[in-house]
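K.L.:
Provided below: run13.cif, containing mmCIF, C-alpha atoms and all ligand atoms.
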data_entry
#
loop_
_atom_site.group_PDB
_atom_site.id
_atom_site.type_symbol
_atom_site.label_atom_id
_atom_site.label_comp_id
_atom_site.auth_asym_id
_atom_site.auth_seq_id
_atom_site.Cartn_x
_atom_site.Cartn_y
_atom_site.Cartn_z
ATOM 1 C CA MET A 599 44.506 29.466 -7.105
ATOM 2 C CA GLY A 600 46.083 30.060 -3.678
ATOM 3 C CA PRO A 601 47.837 26.688 -3.213
ATOM 4 C CA LEU A 602 49.458 27.070 -6.639
ATOM 5 C CA LEU A 603 51.004 30.447 -5.952
ATOM 6 C CA LYS A 604 53.736 31.951 -3.824
ATOM 7 C CA ASN A 605 53.526 35.685 -3.136
ATOM 8 C CA GLY A 606 50.759 35.707 -5.746
ATOM 9 C CA LYS A 607 53.016 34.293 -8.477
ATOM 10 C CA GLY A 608 53.406 30.861 -9.987
ATOM 11 C CA LEU A 609 56.058 28.648 -11.527
ATOM 12 C CA ILE A 610 54.465 25.567 -13.056
ATOM 13 C CA LEU A 611 56.203 22.576 -14.596
ATOM 14 C CA ALA A 612 54.329 20.958 -17.497
ATOM 15 C CA TYR A 613 54.884 17.333 -18.434
ATOM 16 C CA ASP A 614 52.078 16.125 -20.682
ATOM 17 C CA GLN A 615 54.207 16.196 -23.837
ATOM 18 C CA GLY A 616 54.530 12.392 -23.840
ATOM 19 C CA ILE A 617 50.958 12.022 -25.014
ATOM 20 C CA GLU A 618 50.750 15.337 -26.872
ATOM 21 C CA HIS A 619 53.910 14.979 -28.974
ATOM 22 C CA GLY A 620 55.137 11.395 -28.531
ATOM 23 C CA PRO A 621 58.286 10.299 -26.671
ATOM 24 C CA SER A 622 60.811 10.575 -29.495
ATOM 25 C CA LYS A 623 60.142 14.210 -30.293
ATOM 26 C CA ASP A 624 60.970 15.759 -26.918
ATOM 27 C CA PHE A 625 62.528 13.195 -24.604
ATOM 28 C CA ASN A 626 66.067 11.977 -24.001
ATOM 29 C CA GLU A 627 67.406 9.197 -21.770
ATOM 30 C CA LYS A 628 67.005 11.389 -18.694
ATOM 31 C CA ASN A 629 63.740 13.245 -19.084
ATOM 32 C CA ILE A 630 61.791 10.267 -20.400
ATOM 33 C CA ASP A 631 61.661 9.179 -16.761
ATOM 34 C CA PRO A 632 58.813 10.974 -14.941
ATOM 35 C CA SER A 633 60.686 10.600 -11.620
ATOM 36 C CA TYR A 634 63.314 13.019 -12.948
ATOM 37 C CA ILE A 635 60.565 15.567 -13.586
ATOM 38 C CA VAL A 636 59.217 15.150 -10.057
ATOM 39 C CA ASP A 637 62.768 15.817 -8.765
ATOM 40 C CA ILE A 638 62.999 19.006 -10.825
ATOM 41 C CA ALA A 639 59.621 20.187 -9.543
ATOM 42 C CA GLU A 640 60.470 19.442 -5.908
ATOM 43 C CA ARG A 641 64.060 20.679 -5.783
ATOM 44 C CA GLY A 642 63.436 23.512 -8.247
ATOM 45 C CA GLY A 643 60.822 25.206 -6.060
ATOM 46 C CA PHE A 644 57.924 24.837 -8.485
ATOM 47 C CA THR A 645 54.455 25.824 -7.290
ATOM 48 C CA GLY A 646 52.624 23.407 -9.589
ATOM 49 C CA LEU A 647 53.204 20.240 -11.576
ATOM 50 C CA VAL A 648 51.094 19.178 -14.561
ATOM 51 C CA PHE A 649 50.547 15.491 -15.263
ATOM 52 C CA GLN A 650 48.096 13.289 -17.065
ATOM 53 C CA LYS A 651 46.468 10.786 -14.729
ATOM 54 C CA GLY A 652 48.643 7.769 -15.600
ATOM 55 C CA ILE A 653 51.812 9.612 -14.648
ATOM 56 C CA ALA A 654 50.165 11.062 -11.546
ATOM 57 C CA GLU A 655 48.972 7.640 -10.368
ATOM 58 C CA ASN A 656 52.424 6.108 -10.750
ATOM 59 C CA TYR A 657 54.900 8.877 -9.950
ATOM 60 C CA TYR A 658 53.316 11.769 -8.049
ATOM 61 C CA ARG A 659 54.804 12.120 -4.563
ATOM 62 C CA GLY A 660 52.520 14.779 -3.125
ATOM 63 C CA LYS A 661 55.053 17.536 -2.444
ATOM 64 C CA VAL A 662 54.384 19.989 -5.272
ATOM 65 C CA PRO A 663 50.727 20.912 -5.923
ATOM 66 C CA LEU A 664 49.347 18.710 -8.697
ATOM 67 C CA ILE A 665 47.435 20.112 -11.654
ATOM 68 C CA LEU A 666 45.752 17.174 -13.306
ATOM 69 C CA LYS A 667 45.176 17.497 -17.033
ATOM 70 C CA LEU A 668 41.669 16.274 -17.802
ATOM 71 C CA ASN A 669 41.810 16.117 -21.586
ATOM 72 C CA GLY A 670 44.444 14.963 -24.001
ATOM 73 C CA ARG A 671 45.154 13.878 -27.542
ATOM 74 C CA THR A 672 47.962 12.366 -29.547
ATOM 75 C CA SER A 673 49.758 13.931 -32.499
ATOM 76 C CA LEU A 674 48.974 10.936 -34.710
ATOM 77 C CA PRO A 675 45.667 11.720 -36.480
ATOM 78 C CA GLY A 676 46.444 15.138 -37.995
ATOM 79 C CA GLY A 677 43.616 17.307 -39.287
ATOM 80 C CA GLU A 678 41.592 19.753 -37.230
ATOM 81 C CA PRO A 679 42.605 19.435 -33.565
ATOM 82 C CA ILE A 680 40.327 18.121 -30.882
ATOM 83 C CA SER A 681 41.195 17.094 -27.355
ATOM 84 C CA ARG A 682 38.539 15.281 -25.323
ATOM 85 C CA GLN A 683 38.140 14.550 -21.656
ATOM 86 C CA VAL A 684 40.099 11.490 -20.553
ATOM 87 C CA CYS A 685 39.913 11.903 -16.797
ATOM 88 C CA SER A 686 37.192 12.956 -14.364
ATOM 89 C CA VAL A 687 37.180 15.743 -11.785
ATOM 90 C CA LYS A 688 36.558 13.035 -9.163
ATOM 91 C CA GLN A 689 39.739 11.248 -10.172
ATOM 92 C CA ALA A 690 41.623 14.542 -9.840
ATOM 93 C CA VAL A 691 40.275 14.924 -6.313
ATOM 94 C CA ASP A 692 41.182 11.313 -5.475
ATOM 95 C CA LEU A 693 44.734 11.872 -6.711
ATOM 96 C CA GLY A 694 45.077 14.925 -4.492
ATOM 97 C CA ALA A 695 45.107 17.490 -7.301
ATOM 98 C CA LYS A 696 44.941 21.148 -6.317
ATOM 99 C CA ALA A 697 43.657 22.175 -9.756
ATOM 100 C CA VAL A 698 42.573 20.716 -13.064
ATOM 101 C CA GLY A 699 43.720 21.627 -16.558
ATOM 102 C CA TYR A 700 42.023 21.490 -19.945
ATOM 103 C CA THR A 701 43.158 22.439 -23.458
ATOM 104 C CA ILE A 702 40.810 24.322 -25.774
ATOM 105 C CA TYR A 703 41.838 24.533 -29.431
ATOM 106 C CA ALA A 704 39.938 27.690 -30.293
ATOM 107 C CA GLY A 705 39.508 28.035 -34.040
ATOM 108 C CA SER A 706 39.319 24.307 -34.663
ATOM 109 C CA THR A 707 36.160 23.093 -36.367
ATOM 110 C CA TYR A 708 35.689 21.098 -33.150
ATOM 111 C CA GLU A 709 35.980 24.080 -30.809
ATOM 112 C CA HIS A 710 32.297 23.830 -29.854
ATOM 113 C CA GLU A 711 32.886 20.349 -28.403
ATOM 114 C CA MET A 712 35.822 21.497 -26.297
ATOM 115 C CA LEU A 713 34.068 24.675 -25.145
ATOM 116 C CA ALA A 714 31.023 22.668 -24.078
ATOM 117 C CA GLU A 715 33.101 20.051 -22.296
ATOM 118 C CA PHE A 716 35.210 22.728 -20.614
ATOM 119 C CA GLY A 717 32.025 24.412 -19.403
ATOM 120 C CA ARG A 718 30.823 21.211 -17.723
ATOM 121 C CA ILE A 719 34.220 20.512 -16.166
ATOM 122 C CA GLN A 720 34.561 24.079 -14.901
ATOM 123 C CA GLU A 721 31.227 23.833 -13.070
ATOM 124 C CA GLU A 722 32.060 20.435 -11.621
ATOM 125 C CA ALA A 723 35.537 21.505 -10.498
ATOM 126 C CA HIS A 724 34.281 24.702 -8.899
ATOM 127 C CA ARG A 725 31.615 22.750 -7.021
ATOM 128 C CA VAL A 726 34.390 20.788 -5.282
ATOM 129 C CA GLY A 727 36.593 23.852 -4.834
ATOM 130 C CA LEU A 728 39.195 23.137 -7.505
ATOM 131 C CA PRO A 729 40.488 25.944 -9.718
ATOM 132 C CA VAL A 730 40.580 25.384 -13.461
ATOM 133 C CA LEU A 731 43.483 26.221 -15.746
ATOM 134 C CA ALA A 732 42.693 26.531 -19.443
ATOM 135 C CA TRP A 733 45.387 25.989 -22.034
ATOM 136 C CA VAL A 734 43.880 28.126 -24.794
ATOM 137 C CA TYR A 735 45.704 27.387 -28.019
ATOM 138 C CA PRO A 736 44.099 28.839 -31.166
ATOM 139 C CA ARG A 737 44.750 26.256 -33.847
ATOM 140 C CA GLY A 738 43.438 24.736 -37.067
ATOM 141 C CA ALA A 739 43.088 25.851 -40.668
ATOM 142 C CA ALA A 740 41.243 29.053 -39.641
ATOM 143 C CA VAL A 741 44.137 30.281 -37.505
ATOM 144 C CA LYS A 742 46.926 31.878 -39.481
ATOM 145 C CA ASP A 743 49.264 33.159 -36.777
ATOM 146 C CA ASP A 744 48.833 31.654 -33.336
ATOM 147 C CA THR A 745 51.272 34.030 -31.619
ATOM 148 C CA SER A 746 49.970 37.349 -32.968
ATOM 149 C CA ARG A 747 48.733 40.005 -30.531
ATOM 150 C CA GLU A 748 45.184 39.587 -31.826
ATOM 151 C CA ILE A 749 45.057 35.838 -31.541
ATOM 152 C CA VAL A 750 46.827 35.485 -28.192
ATOM 153 C CA SER A 751 44.688 38.197 -26.585
ATOM 154 C CA TYR A 752 41.630 36.439 -28.038
ATOM 155 C CA ALA A 753 42.835 33.212 -26.399
ATOM 156 C CA ALA A 754 43.204 35.014 -23.073
ATOM 157 C CA ARG A 755 39.704 36.442 -23.366
ATOM 158 C CA ILE A 756 38.224 33.054 -24.219
ATOM 159 C CA GLY A 757 39.737 31.741 -20.989
ATOM 160 C CA LEU A 758 38.122 34.528 -18.948
ATOM 161 C CA GLU A 759 34.730 34.221 -20.584
ATOM 162 C CA ALA A 760 34.699 30.419 -20.393
ATOM 163 C CA GLY A 761 35.274 30.665 -16.643
ATOM 164 C CA ALA A 762 38.921 29.682 -16.297
ATOM 165 C CA ASP A 763 40.668 30.767 -13.119
ATOM 166 C CA ALA A 764 43.894 30.886 -15.070
ATOM 167 C CA VAL A 765 44.772 30.807 -18.721
ATOM 168 C CA LYS A 766 47.921 29.436 -20.287
ATOM 169 C CA ILE A 767 48.770 31.238 -23.500
ATOM 170 C CA LYS A 768 51.624 31.394 -25.972
ATOM 171 C CA TYR A 769 54.166 34.201 -25.961
ATOM 172 C CA THR A 770 53.383 36.996 -28.415
ATOM 173 C CA GLY A 771 56.997 37.969 -29.019
ATOM 174 C CA ASP A 772 57.160 41.214 -27.049
ATOM 175 C CA LYS A 773 56.190 42.704 -23.713
ATOM 176 C CA GLU A 774 53.719 45.296 -25.041
ATOM 177 C CA SER A 775 51.557 42.841 -26.949
ATOM 178 C CA PHE A 776 51.670 40.363 -24.073
ATOM 179 C CA ALA A 777 50.453 43.119 -21.738
ATOM 180 C CA TRP A 778 47.376 43.499 -23.974
ATOM 181 C CA ALA A 779 46.688 39.777 -23.641
ATOM 182 C CA VAL A 780 46.991 40.076 -19.850
ATOM 183 C CA LYS A 781 44.425 42.916 -19.953
ATOM 184 C CA ALA A 782 42.123 40.803 -22.101
ATOM 185 C CA ALA A 783 42.288 38.005 -19.516
ATOM 186 C CA GLY A 784 40.850 40.300 -16.838
ATOM 187 C CA LYS A 785 40.657 38.473 -13.517
ATOM 188 C CA ALA A 786 41.842 35.197 -15.041
ATOM 189 C CA LYS A 787 45.483 34.769 -14.117
ATOM 190 C CA VAL A 788 47.858 34.531 -17.033
ATOM 191 C CA PHE A 789 50.626 31.971 -17.410
ATOM 192 C CA MET A 790 52.984 31.997 -20.360
ATOM 193 C CA SER A 791 53.412 28.698 -22.124
ATOM 194 C CA GLY A 792 57.044 27.773 -22.724
ATOM 195 C CA GLY A 793 57.189 26.377 -26.253
ATOM 196 C CA PRO A 794 60.215 24.623 -27.771
ATOM 197 C CA LYS A 795 63.486 25.079 -25.920
ATOM 198 C CA ALA A 796 64.904 28.571 -26.533
ATOM 199 C CA PRO A 797 68.347 28.693 -28.202
ATOM 200 C CA THR A 798 69.920 30.335 -25.126
ATOM 201 C CA ASP A 799 69.067 30.454 -21.431
ATOM 202 C CA GLU A 800 69.533 34.223 -21.376
ATOM 203 C CA GLY A 801 67.078 34.601 -24.253
ATOM 204 C CA PHE A 802 64.456 32.622 -22.384
ATOM 205 C CA LEU A 803 65.040 34.519 -19.137
ATOM 206 C CA THR A 804 64.692 37.854 -20.956
ATOM 207 C CA GLN A 805 61.384 36.641 -22.363
ATOM 208 C CA VAL A 806 60.164 35.648 -18.884
ATOM 209 C CA ARG A 807 61.225 39.017 -17.447
ATOM 210 C CA GLY A 808 59.137 40.778 -20.108
ATOM 211 C CA VAL A 809 56.150 38.550 -19.497
ATOM 212 C CA MET A 810 56.234 39.238 -15.751
ATOM 213 C CA GLU A 811 56.596 42.974 -16.384
ATOM 214 C CA ALA A 812 53.567 42.689 -18.663
ATOM 215 C CA GLY A 813 51.507 41.551 -15.670
ATOM 216 C CA ALA A 814 51.544 37.776 -15.988
ATOM 217 C CA THR A 815 51.071 35.673 -12.873
ATOM 218 C CA GLY A 816 53.787 33.306 -13.962
ATOM 219 C CA ILE A 817 54.867 30.690 -16.430
ATOM 220 C CA ALA A 818 53.895 27.090 -17.107
ATOM 221 C CA VAL A 819 56.763 25.488 -18.946
ATOM 222 C CA GLY A 820 58.073 22.072 -19.834
ATOM 223 C CA ARG A 821 60.757 21.744 -22.470
ATOM 224 C CA ASN A 822 62.656 24.867 -21.418
ATOM 225 C CA MET A 823 63.129 23.207 -18.038
ATOM 226 C CA TRP A 824 63.563 19.498 -18.477
ATOM 227 C CA GLN A 825 65.489 19.773 -21.758
ATOM 228 C CA ASN A 826 67.919 22.142 -20.060
ATOM 229 C CA GLN A 827 71.316 20.675 -19.150
ATOM 230 C CA ASP A 828 70.996 22.201 -15.697
ATOM 231 C CA PRO A 829 67.306 22.583 -14.849
ATOM 232 C CA PHE A 830 68.069 23.416 -11.212
ATOM 233 C CA LYS A 831 70.148 26.433 -12.197
ATOM 234 C CA MET A 832 67.416 27.497 -14.626
ATOM 235 C CA ALA A 833 64.786 27.104 -11.889
ATOM 236 C CA PHE A 834 66.945 29.229 -9.574
ATOM 237 C CA GLU A 835 67.122 32.020 -12.182
ATOM 238 C CA LEU A 836 63.390 31.805 -12.842
ATOM 239 C CA ARG A 837 62.553 32.010 -9.142
ATOM 240 C CA LYS A 838 64.582 35.235 -8.886
ATOM 241 C CA ILE A 839 62.505 36.786 -11.677
ATOM 242 C CA ILE A 840 59.094 35.405 -10.742
ATOM 243 C CA PHE A 841 59.165 35.550 -6.949
ATOM 244 C CA ASN A 842 61.807 38.280 -6.546
ATOM 245 C CA GLU A 843 63.881 35.819 -4.502
HETATM 246 P P1 LIG B 901 56.194 23.447 -23.209
HETATM 247 O O1 LIG B 901 56.713 24.467 -22.229
HETATM 248 O O2 LIG B 901 57.142 22.291 -23.342
HETATM 249 O O3 LIG B 901 55.822 24.086 -24.523
HETATM 250 O O4 LIG B 901 54.875 22.844 -22.566
HETATM 251 C C1 LIG B 901 53.696 23.565 -22.501
HETATM 252 C C2 LIG B 901 52.588 22.785 -23.150
HETATM 253 O O5 LIG B 901 51.374 23.490 -23.089
HETATM 254 C C3 LIG B 901 52.382 21.403 -22.580
HETATM 255 O O6 LIG B 901 51.558 21.403 -21.458
HETATM 256 C C4 LIG B 901 51.819 20.671 -23.753
HETATM 257 O O7 LIG B 901 52.103 19.315 -23.753
HETATM 258 C C5 LIG B 901 52.531 21.304 -24.904
HETATM 259 O O8 LIG B 901 52.888 22.597 -24.514
HETATM 260 C C6 LIG B 901 51.671 21.344 -26.130
HETATM 261 O O9 LIG B 901 52.462 21.860 -27.156
HETATM 262 P P2 LIG B 901 51.899 22.173 -28.582
HETATM 263 O O10 LIG B 901 51.892 23.656 -28.704
HETATM 264 O O11 LIG B 901 52.881 21.540 -29.512
HETATM 265 O O12 LIG B 901 50.534 21.579 -28.696
#
Turn the structure described in the file into structure tokens.

P.N.:
Amino acid sequence: MGPLLKNGKGLILAYDQGIEHGPSKDFNEKNIDPSYIVDIAERGGFTGLVFQKGIAENYYRGKVPLILKLNGRTSLPGGEPISRQVCSVKQAVDLGAKAVGYTIYAGSTYEHEMLAEFGRIQEEAHRVGLPVLAWVYPRGAAVKDDTSREIVSYAARIGLEAGADAVKIKYTGDKESFAWAVKAAGKAKVFMSGGPKAPTDEGFLTQVRGVMEAGATGIAVGRNMWQNQDPFKMAFELRKIIFNE
């Protein structure tokens, strides 16, 4: 995880929402352009940038460490979630990625397919020296509350046991319960997932402070950055909290 961290901490910018949610749900005239996101990552001092391969091939400029997402899905089918591999580890290496990412929808009736695929990818990535970040999002009819202490700590533990070097999990709502999830993740580094844009910047920053105090390695966020009117100011505030700058 070294290349993705500064002083042992990480600030990662996620931009795979175009395929996950569709362009009209999250994007405006500005942030629909991937070049704008690359600017935010570069000028904002991010330690990692998450793209799907099509965006990476066309827009990635090599300055901020790339985390290539290897699976993906659209929001169109509905039903139990499944996200399958759409890009190889070799392609990640060819694109200069410093890590690969994969989403596991634990709790889905298809979880066995994602766990098996993740297992193969993890072995392949480790063979070529790439760390693996797991987005572990419990989801599907069996999952009642995907941000409860129990479920989020379960997600963190799944990441550890499946062999992830880092796990990206949802916020539980308070520092104490998030600290339990960090414990459950063991040696897997924990990144908080951003979620929909918070109503106020201060509210989001307070949340991030709590998450860092709970022992997280950092955050991996999208909408709370590139939907912000002033993402550079937000990045500045986040760097103060995460890196003690
Ligand atoms: P956000 O900070 O915008 O929530 O992005 C984090 C992320 O994990 C993205 O990488 C991914 O596209 C999205 O959330 C998935 O969101 P959802 O929870 O709706 O599946």

K.L.:
Can you work out the spacing between CA of Thr745 in chain A and CA of Ile767 in chain A in Å, to one decimal?

P.N.:
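CA of Thr745 in chain A sits 8.9 Å away from CA of Ile767 in chain A.
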
K.L.:
Output the neighbourhood of ligand LIG 901 (chain B) as a list in words, that is, all protein and nucleic acid residues with some atom at most 7 Å from the ligand, counting all atoms listed in the file.

P.N.:
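Using all atoms listed in the file, I find these residues within 7 Å of ligand LIG 901 (chain B): Ala612, Tyr613, Asp614, Gln615, Glu618, His619, Trp733, Ser791, Gly792, Gly793, Pro794, Ala818, Val819, Gly820, Arg821 and Asn822 of chain A.
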
K.L.:
Please, what distance in Å, to one decimal, runs between CA of Ala723 in chain A and CA of Pro601 in chain A?

P.N.:
15.2 Å

K.L.:
Give me the result of the PyMOL selection byres (((chain A and resi 816) around 7) and not hetatm) on this file, residue by residue, as a ChimeraX atom specification.

P.N.:
/A:607-609,788-790,810,814-815,817-818,840

K.L.:
Quick check, in Å to one decimal: how far apart do CA of Gly738 in chain A and CA of Gly616 in chain A lie?

P.N.:
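Going from CA of Gly738 in chain A over to CA of Gly616 in chain A, I get 21.2 Å.
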
K.L.:
Given the file shown, enumerate the residues that the PyMOL selection byres (((chain A and resi 671) around 7) and not hetatm) captures and present them as a list in words.

P.N.:
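Written out, the selection comes to Ile617, Glu618, Gly670, Thr672, Ser673 and Ser681 of chain A.
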
K.L.:
So which residues get picked by the PyMOL selection byres (((chain A and resi 700) around 7) and not hetatm) here, written as a list in words?

P.N.:
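Applied to this file, the PyMOL selection byres (((chain A and resi 700) around 7) and not hetatm) returns Lys667, Leu668, Asn669, Val698, Gly699, Thr701, Ile702, Phe716, Leu731, Ala732 and Trp733 of chain A.
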
K.L.:
For each of A:Tyr703, A:Phe830, A:Trp778, A:Phe644, take the minimum atom-to-atom distance to Gly757 in chain A, counting only C-alpha atoms, then give the residue where this is smallest.

P.N.:
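Ranking A:Tyr703, A:Phe830, A:Trp778, A:Phe644 by distance to Gly757 in chain A, first place goes to A:Tyr703.
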
K.L.:
With distances taken over only C-alpha atoms, which residue among A:Leu674, A:Leu611, A:Ile680, A:Val750 lies nearest Thr770 in chain A?

P.N.:
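Ranked by minimum distance to Thr770 in chain A, first place goes to A:Val750.
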
K.L.:
Smallest atom-to-atom distance to Tyr658 in chain A: which of A:Pro621, A:Gly677, A:Gly727, A:Pro632, using all atoms listed in the file?

P.N.:
A:Pro632

K.L.:
Would you kindly return, as a PyMOL selection string, each protein, DNA or RNA residue with an atom no farther than 10 Å from any atom of Asn842 in chain A, considering only C-alpha atoms and excluding same-chain residues fewer than 5 positions away?

P.N.:
chain A and resi 605+607+835-837

K.L.:
Kindly export the residues of the current selection with C-alpha atoms, as a PDB file, keeping the file's coordinate frame.

P.N.:
ATOM      1  CA  ASN A 605      53.526  35.685  -3.136  1.00  0.00           C
ATOM      2  CA  LYS A 607      53.016  34.293  -8.477  1.00  0.00           C
ATOM      3  CA  GLU A 835      67.122  32.020 -12.182  1.00  0.00           C
ATOM      4  CA  LEU A 836      63.390  31.805 -12.842  1.00  0.00           C
ATOM      5  CA  ARG A 837      62.553  32.010  -9.142  1.00  0.00           C
TER       6      ARG A 837
END

K.L.:
Enclose all atoms of range 745-763 of chain A listed in the file in an axis-aligned box, grow every side by 6 Å, and hand back centre and edge lengths in Å to one decimal, as JSON.

P.N.:
{"center_x": 43.0, "center_y": 34.8, "center_z": -23.0, "size_x": 28.6, "size_y": 22.3, "size_z": 31.8}

K.L.:
Of the candidates A:Lys696, A:Lys688, A:Arg747, A:Lys661, which one gets nearest to Tyr769 in chain A if we count all atoms listed in the file?

P.N.:
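Among the listed residues, the smallest separation from Tyr769 in chain A belongs to A:Arg747.
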
K.L.:
At a cut-off of 12 Å from (34.2, 41.5, -15.2) in the coordinates of the file, what residues are picked up using only C-alpha atoms, written as a ChimeraX atom specification?

P.N.:
/A:755,758-759,761,781-786

K.L.:
So that I can check the surroundings of Gly646 in chain A, please list as a list in words every protein, DNA and RNA residue that reaches within 8 Å of it, counting all atoms listed in the file and ignoring chain neighbours fewer than 6 positions away.

P.N.:
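Non-adjacent residues within range: Leu602, Gly608, Leu609, Ile610, Leu611, Ala639, Val662, Pro663, Leu664 and Ile665 of chain A.
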
K.L.:
Under the rule that all atoms listed in the file are counted, which of A:Pro797, A:Gly620, A:Pro829, A:Gly813 is the nearest residue to Arg641 in chain A?

P.N.:
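Closest candidate: A:Pro829.
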
K.L.:
Looking at only C-alpha atoms, which of A:Val726, A:Val684, A:Ala690, A:Ala695 is the one that sits closest to Gly660 in chain A?

P.N.:
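Ranking A:Val726, A:Val684, A:Ala690, A:Ala695 by distance to Gly660 in chain A, first place goes to A:Ala695.
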